[in-house]
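Asks: The following file, entry-v5.txt, comprises compact mmCIF, C-alpha atoms:
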```
# COMPACT_ATOMS: atom_id res chain seq x y z
CA MET X 8 -29.50 -102.17 -56.57
CA LYS X 9 -30.87 -100.33 -59.59
CA ILE X 10 -28.96 -99.51 -62.79
CA ALA X 11 -30.16 -97.43 -65.73
CA VAL X 12 -28.73 -95.93 -68.90
CA ALA X 13 -29.77 -92.78 -70.75
CA GLU X 14 -28.38 -90.89 -73.71
CA SER X 15 -28.78 -87.78 -75.84
CA VAL X 16 -27.48 -86.61 -79.22
CA VAL X 17 -28.56 -83.00 -78.71
CA GLN X 18 -25.63 -80.70 -79.52
CA ASP X 19 -26.39 -78.10 -76.86
CA THR X 20 -24.44 -79.23 -73.79
CA ARG X 21 -26.87 -78.15 -71.09
CA GLN X 22 -29.91 -79.45 -72.95
CA ALA X 23 -28.21 -82.81 -73.57
CA VAL X 24 -27.48 -83.18 -69.85
CA LEU X 25 -30.97 -82.11 -68.77
CA GLU X 26 -32.62 -84.47 -71.25
CA SER X 27 -30.55 -87.54 -70.44
CA PHE X 28 -30.53 -86.97 -66.68
CA ALA X 29 -34.32 -86.63 -66.56
CA ASP X 30 -34.66 -89.96 -68.37
CA LEU X 31 -32.11 -91.61 -66.07
CA ARG X 32 -33.82 -90.35 -62.92
CA ARG X 33 -37.21 -91.52 -64.22
CA GLN X 34 -35.83 -95.03 -64.76
CA LEU X 35 -34.10 -95.19 -61.37
CA GLY X 36 -36.93 -93.60 -59.42
CA SER X 37 -34.45 -91.33 -57.63
CA PRO X 38 -31.22 -89.41 -58.32
CA PRO X 39 -28.24 -91.70 -59.02
CA GLN X 40 -25.78 -92.45 -56.24
CA TYR X 41 -23.00 -93.14 -58.75
CA LEU X 42 -22.81 -91.77 -62.28
CA TRP X 43 -20.53 -92.76 -65.13
CA VAL X 44 -20.54 -90.14 -67.91
CA THR X 45 -19.14 -90.56 -71.40
CA CYS X 46 -19.57 -88.00 -74.15
CA SER X 47 -18.09 -86.59 -77.32
CA ALA X 48 -15.19 -84.24 -76.76
CA LEU X 49 -17.19 -81.61 -78.68
CA TYR X 50 -19.29 -80.89 -75.60
CA ASP X 51 -18.43 -78.13 -73.13
CA ILE X 52 -17.18 -80.27 -70.23
CA PRO X 53 -17.13 -77.51 -67.55
CA LEU X 54 -20.73 -76.63 -68.44
CA LEU X 55 -21.69 -80.31 -68.44
CA LEU X 56 -20.29 -80.72 -64.92
CA ALA X 57 -21.86 -77.48 -63.68
CA THR X 58 -25.25 -78.71 -64.88
CA LEU X 59 -24.80 -82.08 -63.19
CA ARG X 60 -23.78 -80.37 -59.94
CA GLU X 61 -27.12 -78.53 -60.05
CA LEU X 62 -29.05 -81.75 -60.64
CA ALA X 63 -27.13 -84.08 -58.32
CA PRO X 64 -24.71 -82.15 -56.09
CA SER X 65 -23.62 -85.19 -54.07
CA VAL X 66 -23.34 -87.76 -56.87
CA ILE X 67 -20.13 -89.81 -57.20
CA LEU X 68 -19.06 -89.14 -60.78
CA HIS X 69 -16.54 -90.76 -63.15
CA GLY X 70 -16.28 -89.34 -66.66
CA GLY X 71 -14.35 -89.27 -69.91
CA THR X 72 -14.73 -88.31 -73.54
CA SER X 73 -15.36 -90.73 -76.40
CA CYS X 74 -14.84 -90.95 -80.16
CA GLN X 75 -17.75 -89.82 -82.37
CA GLY X 76 -20.53 -91.37 -80.28
CA ILE X 77 -21.52 -93.85 -77.58
CA MET X 78 -22.87 -97.39 -77.40
CA ASP X 79 -25.33 -98.69 -74.83
CA ASN X 80 -27.90 -101.48 -74.52
CA LYS X 81 -30.07 -99.74 -77.12
CA GLY X 82 -27.34 -99.50 -79.78
CA TYR X 83 -24.99 -96.88 -81.21
CA HIS X 84 -25.80 -93.18 -80.80
CA SER X 85 -24.25 -90.26 -82.68
CA ARG X 86 -25.43 -87.20 -84.58
CA GLU X 87 -22.78 -85.20 -86.41
CA GLY X 88 -20.18 -86.41 -83.91
CA TYR X 89 -22.24 -85.58 -80.81
CA ALA X 90 -23.49 -88.03 -78.19
CA LEU X 91 -23.71 -88.11 -74.41
CA GLY X 92 -24.34 -91.18 -72.29
CA LEU X 93 -25.14 -91.61 -68.58
CA TRP X 94 -24.86 -94.87 -66.64
CA GLY X 95 -26.46 -94.43 -63.25
CA LEU X 96 -26.61 -96.64 -60.19
CA VAL X 97 -28.53 -96.64 -56.91
CA ASP X 98 -27.15 -99.05 -54.32
CA PRO X 99 -27.62 -97.74 -50.75
CA GLU X 100 -25.93 -100.80 -49.23
CA GLY X 101 -22.90 -100.56 -51.54
CA SER X 102 -19.84 -98.31 -51.47
CA TYR X 103 -18.25 -96.43 -54.37
CA GLY X 104 -15.32 -94.04 -54.58
CA VAL X 105 -13.64 -92.17 -57.43
CA GLY X 106 -9.96 -91.19 -57.59
CA MET X 107 -8.11 -89.06 -60.12
CA ALA X 108 -4.42 -88.40 -60.70
CA GLU X 109 -2.33 -86.53 -63.26
CA ILE X 110 -0.27 -89.03 -65.27
CA GLY X 111 2.74 -86.72 -65.67
CA SER X 112 6.05 -88.50 -66.20
CA ASN X 113 5.22 -91.47 -63.95
CA PRO X 114 2.10 -93.34 -65.17
CA ARG X 115 2.65 -96.21 -62.75
CA ALA X 116 2.63 -93.88 -59.75
CA ALA X 117 -0.48 -92.15 -61.13
CA GLY X 118 -2.33 -95.45 -61.38
CA ALA X 119 -1.40 -96.32 -57.81
CA ALA X 120 -2.40 -92.87 -56.50
CA ALA X 121 -5.75 -92.88 -58.29
CA ILE X 122 -6.87 -96.29 -57.02
CA GLN X 123 -5.65 -95.55 -53.49
CA GLN X 124 -7.68 -92.33 -53.48
CA ALA X 125 -10.74 -94.14 -54.85
CA ILE X 126 -10.57 -96.80 -52.12
CA GLU X 127 -10.19 -94.17 -49.40
CA ARG X 128 -13.15 -92.18 -50.73
CA SER X 129 -15.28 -95.31 -50.79
CA GLY X 130 -14.74 -95.67 -47.05
CA ARG X 131 -13.44 -99.22 -47.47
CA THR X 132 -9.72 -98.74 -46.79
CA GLY X 133 -7.88 -102.04 -46.49
CA GLU X 134 -10.52 -103.98 -48.45
CA PRO X 135 -9.97 -104.80 -52.16
CA PRO X 136 -12.82 -103.71 -54.46
CA GLN X 137 -15.03 -106.24 -56.23
CA LEU X 138 -14.49 -104.33 -59.48
CA VAL X 139 -12.50 -101.32 -60.66
CA TRP X 140 -13.63 -99.05 -63.49
CA LEU X 141 -10.79 -97.28 -65.32
CA GLY X 142 -10.53 -94.33 -67.68
CA SER X 143 -7.26 -92.73 -68.77
CA ALA X 144 -5.60 -90.59 -71.38
CA PRO X 145 -4.11 -92.64 -74.25
CA GLY X 146 -0.58 -93.98 -74.33
CA ASN X 147 0.31 -95.32 -70.89
CA GLU X 148 -2.38 -97.88 -70.17
CA GLU X 149 -0.08 -100.79 -69.31
CA GLU X 150 1.98 -98.80 -66.81
CA ILE X 151 -1.17 -97.38 -65.21
CA LEU X 152 -2.52 -100.91 -64.75
CA GLU X 153 0.77 -101.98 -63.18
CA GLY X 154 0.50 -99.14 -60.68
CA MET X 155 -3.06 -100.10 -59.80
CA GLU X 156 -1.99 -103.71 -59.26
CA ASP X 157 0.76 -102.48 -56.94
CA VAL X 158 -2.09 -101.42 -54.64
CA ILE X 159 -4.86 -104.00 -55.19
CA GLY X 160 -2.96 -107.00 -56.56
CA ASP X 161 -3.75 -108.86 -59.77
CA ARG X 162 -6.97 -110.64 -58.74
CA VAL X 163 -9.36 -107.67 -58.84
CA PRO X 164 -11.04 -107.33 -62.26
CA ILE X 165 -10.37 -103.99 -63.97
CA ALA X 166 -12.72 -102.82 -66.73
CA GLY X 167 -12.98 -99.59 -68.70
CA GLY X 168 -10.84 -98.03 -71.38
CA THR X 169 -9.12 -95.00 -72.82
CA SER X 170 -10.50 -91.51 -73.34
CA ALA X 171 -10.77 -90.33 -76.93
CA ASP X 172 -11.90 -87.52 -79.20
CA ASN X 173 -13.39 -87.49 -82.69
CA ASP X 174 -10.17 -87.27 -84.69
CA VAL X 175 -7.27 -88.29 -82.39
CA SER X 176 -6.20 -84.65 -82.12
CA GLY X 177 -5.55 -84.70 -78.37
CA HIS X 178 -8.77 -83.06 -77.16
CA TRP X 179 -9.79 -85.97 -74.91
CA LYS X 180 -10.62 -85.29 -71.27
CA GLN X 181 -11.05 -87.21 -68.04
CA PHE X 182 -13.16 -85.79 -65.23
CA THR X 183 -14.89 -86.14 -61.87
CA LEU X 184 -17.67 -83.94 -60.53
CA ASP X 185 -15.17 -81.22 -59.57
CA GLN X 186 -12.03 -81.92 -61.63
CA VAL X 187 -11.17 -81.94 -65.34
CA GLY X 188 -7.94 -83.38 -66.71
CA HIS X 189 -6.37 -83.83 -70.13
CA HIS X 190 -3.57 -86.26 -69.31
CA SER X 191 -5.03 -87.97 -66.26
CA VAL X 192 -6.34 -91.28 -64.98
CA VAL X 193 -9.74 -91.67 -63.29
CA VAL X 194 -10.78 -94.85 -61.49
CA THR X 195 -13.77 -96.06 -59.52
CA ALA X 196 -13.43 -98.55 -56.69
CA MET X 197 -16.69 -100.52 -56.61
CA TYR X 198 -18.03 -102.39 -53.58
CA PRO X 199 -21.58 -103.31 -54.67
CA SER X 200 -24.06 -104.91 -52.29
CA VAL X 201 -24.65 -107.78 -54.70
CA GLN X 202 -22.35 -110.46 -56.05
CA THR X 203 -20.52 -109.30 -59.17
CA HIS X 204 -20.02 -111.37 -62.32
CA PHE X 205 -18.42 -110.27 -65.58
CA SER X 206 -17.62 -111.54 -69.05
CA PHE X 207 -15.29 -110.39 -71.81
CA HIS X 208 -15.88 -110.31 -75.55
CA SER X 209 -13.44 -109.03 -78.16
CA ALA X 210 -14.26 -108.13 -81.74
CA PHE X 211 -10.71 -109.10 -82.78
CA SER X 212 -10.54 -111.78 -85.47
CA PRO X 213 -7.06 -112.96 -86.54
CA THR X 214 -6.20 -113.30 -90.23
CA ALA X 215 -3.31 -114.83 -92.15
CA ILE X 216 -1.83 -111.35 -92.69
CA GLN X 217 0.72 -110.52 -90.01
CA GLY X 218 3.52 -108.03 -89.50
CA THR X 219 5.73 -106.34 -86.95
CA VAL X 220 5.42 -102.61 -86.39
CA THR X 221 8.84 -101.03 -85.94
CA ARG X 222 7.93 -97.35 -86.20
CA CYS X 223 4.71 -95.33 -86.18
CA SER X 224 4.17 -91.59 -86.45
CA PRO X 225 1.71 -90.28 -85.47
CA ARG X 226 0.20 -92.72 -82.99
CA VAL X 227 -2.86 -94.42 -84.56
```
Can you give me the file's structure in the form of structure tokens?
Replies:
Amino acid sequence: MKIAVAESVVQDTRQAVLESFADLRRQLGSPPQYLWVTCSALYDIPLLLATLRELAPSVILHGGTSCQGIMDNKGYHSREGYALGLWGLVDPEGSYGVGMAEIGSNPRAAGAAAIQQAIERSGRTGEPPQLVWLGSAPGNEEEILEGMEDVIGDRVPIAGGTSADNDVSGHWKQFTLDQVGHHSVVVTAMYPSVQTHFSFHSAFSPTAIQGTVTRCSPRV
């Protein structure tokens, strides 16, 4: 298994993709088998995907927009609200599948549908993944997780987060190589060829100041 990360803060969408993908491919020594893409919502997502289809037409892709910039192993990257990050993997002995569903009025059903589709596309139907990577539109995360657990149970680790934009104005997107959604959930079912370990760290630090939120408009 090989994993590499590349990024760009170039504002031109196509150039940012070309630059970061070339770096990623150089590090991996071959095109990625699986690609996780995160980028500022300021980029042209259809153009981004069209460029990636030219570069890696068979790649398994999971994507979503971020707020202001990206973080990777090299630090925080942003220039005037633009940043694009690629996380690429080559694992010929592993299996990976991406599923996507519109959240609509039933987030729990969407979570279940997305993970079921991801498992089927991985070719490992009936086998729980070692890890699930999640990306969704804001607001229904708990119900989406419940729907996923309806399918895979509560013992499979789920990592990931919520799509965003630069000013919480609703311009976030979720996408695969051939689909773009605004109020959707995207998940990856991961069956790597190596044993998987994970850890969790939160930046939350409690203080003596506490309160109960009874109303909030708009959502913050």
Asks: Choose the residue, out of X:Gly101, X:Leu59, X:Ile159, X:Cys46, that has the smallest atom-to-atom separation from His84 of chain X; count only C-alpha atoms.
Replies: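 Once distances to His84 of chain X are computed over only C-alpha atoms, the minimum belongs to X:Cys46.
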Asks: How many Å separate atom CA of Glu14 of chain X from atom CA of Leu93 of chain X?
Replies: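 One can read the atom CA of Glu14 of chain X to atom CA of Leu93 of chain X distance as 6.1 Å.
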Asks: If you count only C-alpha atoms, which residues fall within 7 Å of Trp179 of chain X, apart from same-chain ones fewer than 3 positions away, as an mmCIF file with C-alpha atoms, keeping the file's coordinate frame?
Replies:
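Written out: part.cif:
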```cif
data_model
loop_
_atom_site.group_PDB
_atom_site.id
_atom_site.type_symbol
_atom_site.label_atom_id
_atom_site.label_comp_id
_atom_site.auth_asym_id
_atom_site.auth_seq_id
_atom_site.Cartn_x
_atom_site.Cartn_y
_atom_site.Cartn_z
ATOM 1 C CA ALA X 48 -15.190 -84.240 -76.760
ATOM 2 C CA THR X 72 -14.730 -88.310 -73.540
ATOM 3 C CA SER X 170 -10.500 -91.510 -73.340
ATOM 4 C CA ALA X 171 -10.770 -90.330 -76.930
ATOM 5 C CA ASP X 172 -11.900 -87.520 -79.200
ATOM 6 C CA HIS X 189 -6.370 -83.830 -70.130
#
```
Asks: Point out the residue among X:Ser47, X:Ser206, X:Thr219, X:Gln34 with the least atom-to-atom distance to Val17 of chain X, counting all atoms listed in the file.
Replies: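 The shortest atom-to-atom distance to Val17 of chain X comes from X:Ser47.
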Asks: Separation of atom CA of Val139 of chain X and atom CA of Val158 of chain X, in Å?
Replies: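 Distance between the two atoms: 12.0 Å.
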Asks: What is the distance, in Å and to one decimal place, between atom CA of Gly133 of chain X and atom CA of Thr203 of chain X?
Replies: 19.3 Å
Asks: Find the residue from X:Asp51, X:Asp79, X:Asp185, X:Asp161 that sits nearest to Gly106 of chain X; use all atoms listed in the file when measuring.
Replies: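 Looking at the shortest contact to Gly106 of chain X, the residue is X:Asp185.
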Asks: Skip Gly168 of chain X itself and residues of its chain fewer than 6 positions away, then list as a ChimeraX atom specification all residues within 7 Å of it, counting only C-alpha atoms.
Replies: /X:141-143
Asks: Can you take the partial segment 8-26 of chain X, add N, CA and C atoms, and return it as a short mmCIF file (atom, residue, chain, number, x, y, z; two decimals), in the coordinates of the input?
Replies:
```
data_model
loop_
_atom_site.label_atom_id
_atom_site.label_comp_id
_atom_site.auth_asym_id
_atom_site.auth_seq_id
_atom_site.Cartn_x
_atom_site.Cartn_y
_atom_site.Cartn_z
N MET X 8 -30.29 -102.92 -55.60
CA MET X 8 -29.50 -102.17 -56.57
C MET X 8 -30.34 -101.90 -57.82
N LYS X 9 -30.23 -100.69 -58.32
CA LYS X 9 -30.87 -100.33 -59.59
C LYS X 9 -29.82 -99.71 -60.51
N ILE X 10 -29.86 -100.07 -61.78
CA ILE X 10 -28.96 -99.51 -62.79
C ILE X 10 -29.80 -99.06 -63.98
N ALA X 11 -29.47 -97.92 -64.55
CA ALA X 11 -30.16 -97.43 -65.73
C ALA X 11 -29.19 -96.69 -66.63
N VAL X 12 -29.55 -96.61 -67.90
CA VAL X 12 -28.73 -95.93 -68.90
C VAL X 12 -29.60 -94.95 -69.67
N ALA X 13 -29.05 -93.77 -69.95
CA ALA X 13 -29.77 -92.78 -70.75
C ALA X 13 -28.78 -92.08 -71.66
N GLU X 14 -29.28 -91.54 -72.74
CA GLU X 14 -28.38 -90.89 -73.71
C GLU X 14 -29.07 -89.73 -74.40
N SER X 15 -28.27 -88.89 -75.05
CA SER X 15 -28.78 -87.78 -75.84
C SER X 15 -27.79 -87.48 -76.97
N VAL X 16 -28.32 -87.07 -78.11
CA VAL X 16 -27.48 -86.61 -79.22
C VAL X 16 -27.73 -85.14 -79.51
N VAL X 17 -28.37 -84.45 -78.58
CA VAL X 17 -28.56 -83.00 -78.71
C VAL X 17 -27.20 -82.32 -78.63
N GLN X 18 -26.95 -81.33 -79.49
CA GLN X 18 -25.63 -80.70 -79.52
C GLN X 18 -25.44 -79.66 -78.43
N ASP X 19 -26.50 -79.06 -77.95
CA ASP X 19 -26.39 -78.10 -76.86
C ASP X 19 -26.05 -78.85 -75.57
N THR X 20 -24.94 -78.48 -74.94
CA THR X 20 -24.44 -79.23 -73.79
C THR X 20 -25.45 -79.30 -72.65
N ARG X 21 -25.94 -78.16 -72.23
CA ARG X 21 -26.87 -78.15 -71.09
C ARG X 21 -28.14 -78.93 -71.39
N GLN X 22 -28.67 -78.75 -72.59
CA GLN X 22 -29.91 -79.45 -72.95
C GLN X 22 -29.69 -80.96 -73.01
N ALA X 23 -28.52 -81.38 -73.51
CA ALA X 23 -28.21 -82.81 -73.57
C ALA X 23 -28.16 -83.41 -72.17
N VAL X 24 -27.56 -82.69 -71.23
CA VAL X 24 -27.48 -83.18 -69.85
C VAL X 24 -28.86 -83.23 -69.22
N LEU X 25 -29.63 -82.16 -69.37
CA LEU X 25 -30.97 -82.11 -68.77
C LEU X 25 -31.85 -83.23 -69.30
N GLU X 26 -31.78 -83.46 -70.61
CA GLU X 26 -32.62 -84.47 -71.25
C GLU X 26 -32.26 -85.87 -70.78
#
```
